[in-house]
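Novice: Supplied in structure tokens, the structure appears directly below.
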Amino acid sequence: MWESESDAGERGLVPVLGGGSGRHDDGLKNDGFVRRDQSWYVNSDIPSDLLVKVGDVSFHLHKYPMISRSGKMGRVIYECASAAVDQDAAVAELDELPGGADSFELAARFCYGMAVDLTASNISGLRCAAEYLEMTEDLEEGNLIFKTEAFLSYVVLSSWRDSIVVLKSCEGLSPWAENLQIVRRCSESIAWKACANPRGVRWAYTGATGGRPPRSGAGTASPRWNNVGGGGGGSKESSPGRQPVPPADWWFEDVSVLRIDHFVRVVTAIKVKGMRFDLIGAAITHYASKWLPGLTKDAPHAVGGGVDEQWAQVSAAGGLHMIIAGPGGKDDVATSAPAREQRMVVESLISIIPPQRDSVSCGFLLRLLRLAIMLKAAPALVTELEKRVGMQLEQAALPDLLIPSVGRADTAYDVDLVQRLVEHFLVQEQTEQVSYSPGRGEAHAQPEREYYGSAAGARMPPASAAAAASSSSASLGLNAKARVARLLDSYLSEVSRDRNLSLTKFQVLAESLPESARTCDDGLYRAVDSYLKAHPALTEHERKRLCRVMDCQKLSFDACMHAAQNERLPLRVVVQVLFSEQVKISNALAGSSAAIKAAPDGGAAPTRRQLLDATPQSFQEGWAAAKKDINTLKFELESMKAKYLELQHDMDALQKQVTQSPGGGEPGGKVGGGGGKAQQGPSAWSNGWKKLGRLAKMTGAEAAGPGGHGHAAAQSEAARKAQRRWRNSIS
């Protein structure tokens, strides 16, 4: 009966609604409506007796045509006639009419029996106006409500483009469009066509490159829908060859022109019909890229509370453009009308993101989280978004993770937020270890349509797929933790330059991951060194506390060499680094020796030269210097032991002589007997002690000399001779 606007335009046909039997034209001759400034007049020989005001526009009409088809107008005219003095000039004000003056003009033309062109642009407003004016079948058969409903059901809902246009036109018709189910029916129609087999779509477009229609949403790029399930009926008209299958994202651009509440309705309907979750996530990402330019990767990021923040504002064309707000006007911008509208967009997008893992990228989630924090979105939605980021934190990039602090003056970046993201990640990892998460393996096995299903997953039995997925879950967990550890080390290196970052926050964030997550602590050492550079006023105790976050045994050789020469590190840490490196070298040499001994006789055991050639040059030089120092220390230690034994032997001999002396062990006292021998005791003892002191000095001087190491036996012989001479002098 009727055709869609796009199809009719191609064939030169225009849908027209007549006024019915024309009995309302008896005695009333008109040639149509004429507009003069803000007033509409009917070309008729009979003067107007009804003035209808709709907003700023006035309509000079006649009572009888309006009363005959509109119950609302009959009551309004009756009320005006009862209250007015001049009953021939009734005045009715319809400021609440949905669709405004344009829809009332079409309704008035229909009441006068004039031709009315129904299009996808005016049908929703005309349908709501007909409902408001009560143009039902009780007044006349084939009234405006019936005809607009028929056009919606048989023309609009069967066309992809017209469904989009009608749903777009419903933005200013709330709540009438909702109550009349226009929004619901258009949303379901769009969802059904988006989820249908694309082979059933016959594209009508010209000048498309690569068989793909342009993304403009123009009439030439609108899809048509065949009445066959396979989609072979339209290929004969479009091209002599086989028509290419449209891409899976062909509907993204068209639905992205909708307002956020209507877009949510469409996406919800698409979810119910079984669309793949990754395609739904891609559609949400595409919509956000058009309405939230701050989510794009090329958009500049605001850093810190003292730096200008980015905010978005809705333009008159429906898109978004960026504005800059300083620190003083941040709160005013956050509570402005454009910010409120943008906050509604962000909150709505968060609520419709599919719960499956990897439905959207982690970078998109982080950028959405940044914008949600800046716009002060609902805390429950922000928390939910943080959990979603934690589910796939290993996919994040450092620039997306550098989220500035909003409303805080202590740090430039929101370190507490990253701490919560890491906690959510660890909780997710523990959950997957207990029971395998359905978001990783079972999401691809859900029943879907043929086009959107996974061919590989369909062939694999469910038990085999679950076993293969569970066997790889452990390795995926270890790899994910390692990637998060590298990401966290890079983040710490970046935020450590902030002088306002406290040592406690740095230490807690560095220790948030288990020790098994890092196989090498070079990144953590780099972050610690950067923090020491930015905070030179740390005490020795704070430096030791900071260095506890890293394991010296997990440092590479280059990191150990750098740490050994790093003056910012505490001395105890430097000693630990050198000791751990010495242990590594000893273990490496011991392992090489064991490998050589364990090699069979006929085997090709590596020689010393081969081992040296395989060792890095810097390692060889460091080991040679260390070995030389060790040999020197060993030689000096042996020399000191020999000197100590000699002195101990001399001391024992001296004590033995003292015990055998006639004085009863008192060398300097008086003794009985002859007086001459008693006088010789003190001089003999003093001479002995002097000789022993000269012997010790002589031995030390010779040991310190260049030739002291080669005459150890001669020194011992000289000491024994001196001892014998000393004993003779005593006797």
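Please note that chains go A, B, ... in the order of the structure tokens, that every chain numbers its residues from 1, and that ligands are numbered from 1 in the order shown.
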When you look at Val54 of chain A with a cut-off of 10 Å (counting only C-alpha atoms), what residues show up, excluding the ones that are within fewer than 6 positions of it in the same chain? I need them as a list in words.
Specialist: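 The residues that qualify are Ala92, Glu93, Leu94, Asp95, Glu96, Leu97, Gly100, Ala101, Asp102, Phe104 and Glu105 of chain A.
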Novice: With C-alpha atoms kept, could you save the residues just selected as a compact mmCIF listing (two decimals), in the first residue's frame?
Specialist:
```txt
# COMPACT_ATOMS: atom_id res chain seq x y z
CA ALA A 92 -8.09 27.18 21.29
CA GLU A 93 -4.53 26.97 22.60
CA LEU A 94 -2.74 23.63 22.13
CA ASP A 95 0.72 24.28 23.50
CA GLU A 96 1.09 20.68 24.70
CA LEU A 97 0.48 19.16 21.29
CA GLY A 100 4.31 21.10 17.43
CA ALA A 101 2.87 23.23 14.67
CA ASP A 102 4.21 21.01 11.88
CA PHE A 104 -0.88 20.00 13.65
CA GLU A 105 -0.68 21.39 10.14
```
Novice: Skipping near chain neighbours, those fewer than 6 positions away, what residues fall within 9 Å of Pro98 of chain A using only C-alpha atoms, listed as a list of chain:residue names?
Specialist: A:Phe104, A:Gly125, A:Leu126, A:Cys128, A:Ala129, A:Tyr132, A:Gly172, A:Leu173, A:Ser174, A:Trp176
Novice: Atom CA of Thr268 of chain A and atom CA of Arg161 of chain A are how many Å apart?
Specialist: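 Spanning atom CA of Thr268 of chain A to atom CA of Arg161 of chain A is a straight-line distance of 19.3 Å.
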Novice: Return the single residue from A:Leu61, A:Ala588, A:Leu637, A:Leu349 that is closest to Leu292 of chain A, with distances computed using only C-alpha atoms.
Specialist: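 Between A:Leu61, A:Ala588, A:Leu637, A:Leu349, the residue approaching Leu292 of chain A most closely is A:Leu349.
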Novice: Quick one: pull the distance between atom CA of Glu171 of chain A and atom CA of Pro354 of chain A, Å, one decimal.
Specialist: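 Here the two named atoms are 25.4 Å from each other.
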Novice: Which is closer to Glu178 of chain A than all the others in A:Arg526, A:His424, A:Lys271, A:Arg127, using only C-alpha atoms?
Specialist: A:Arg127
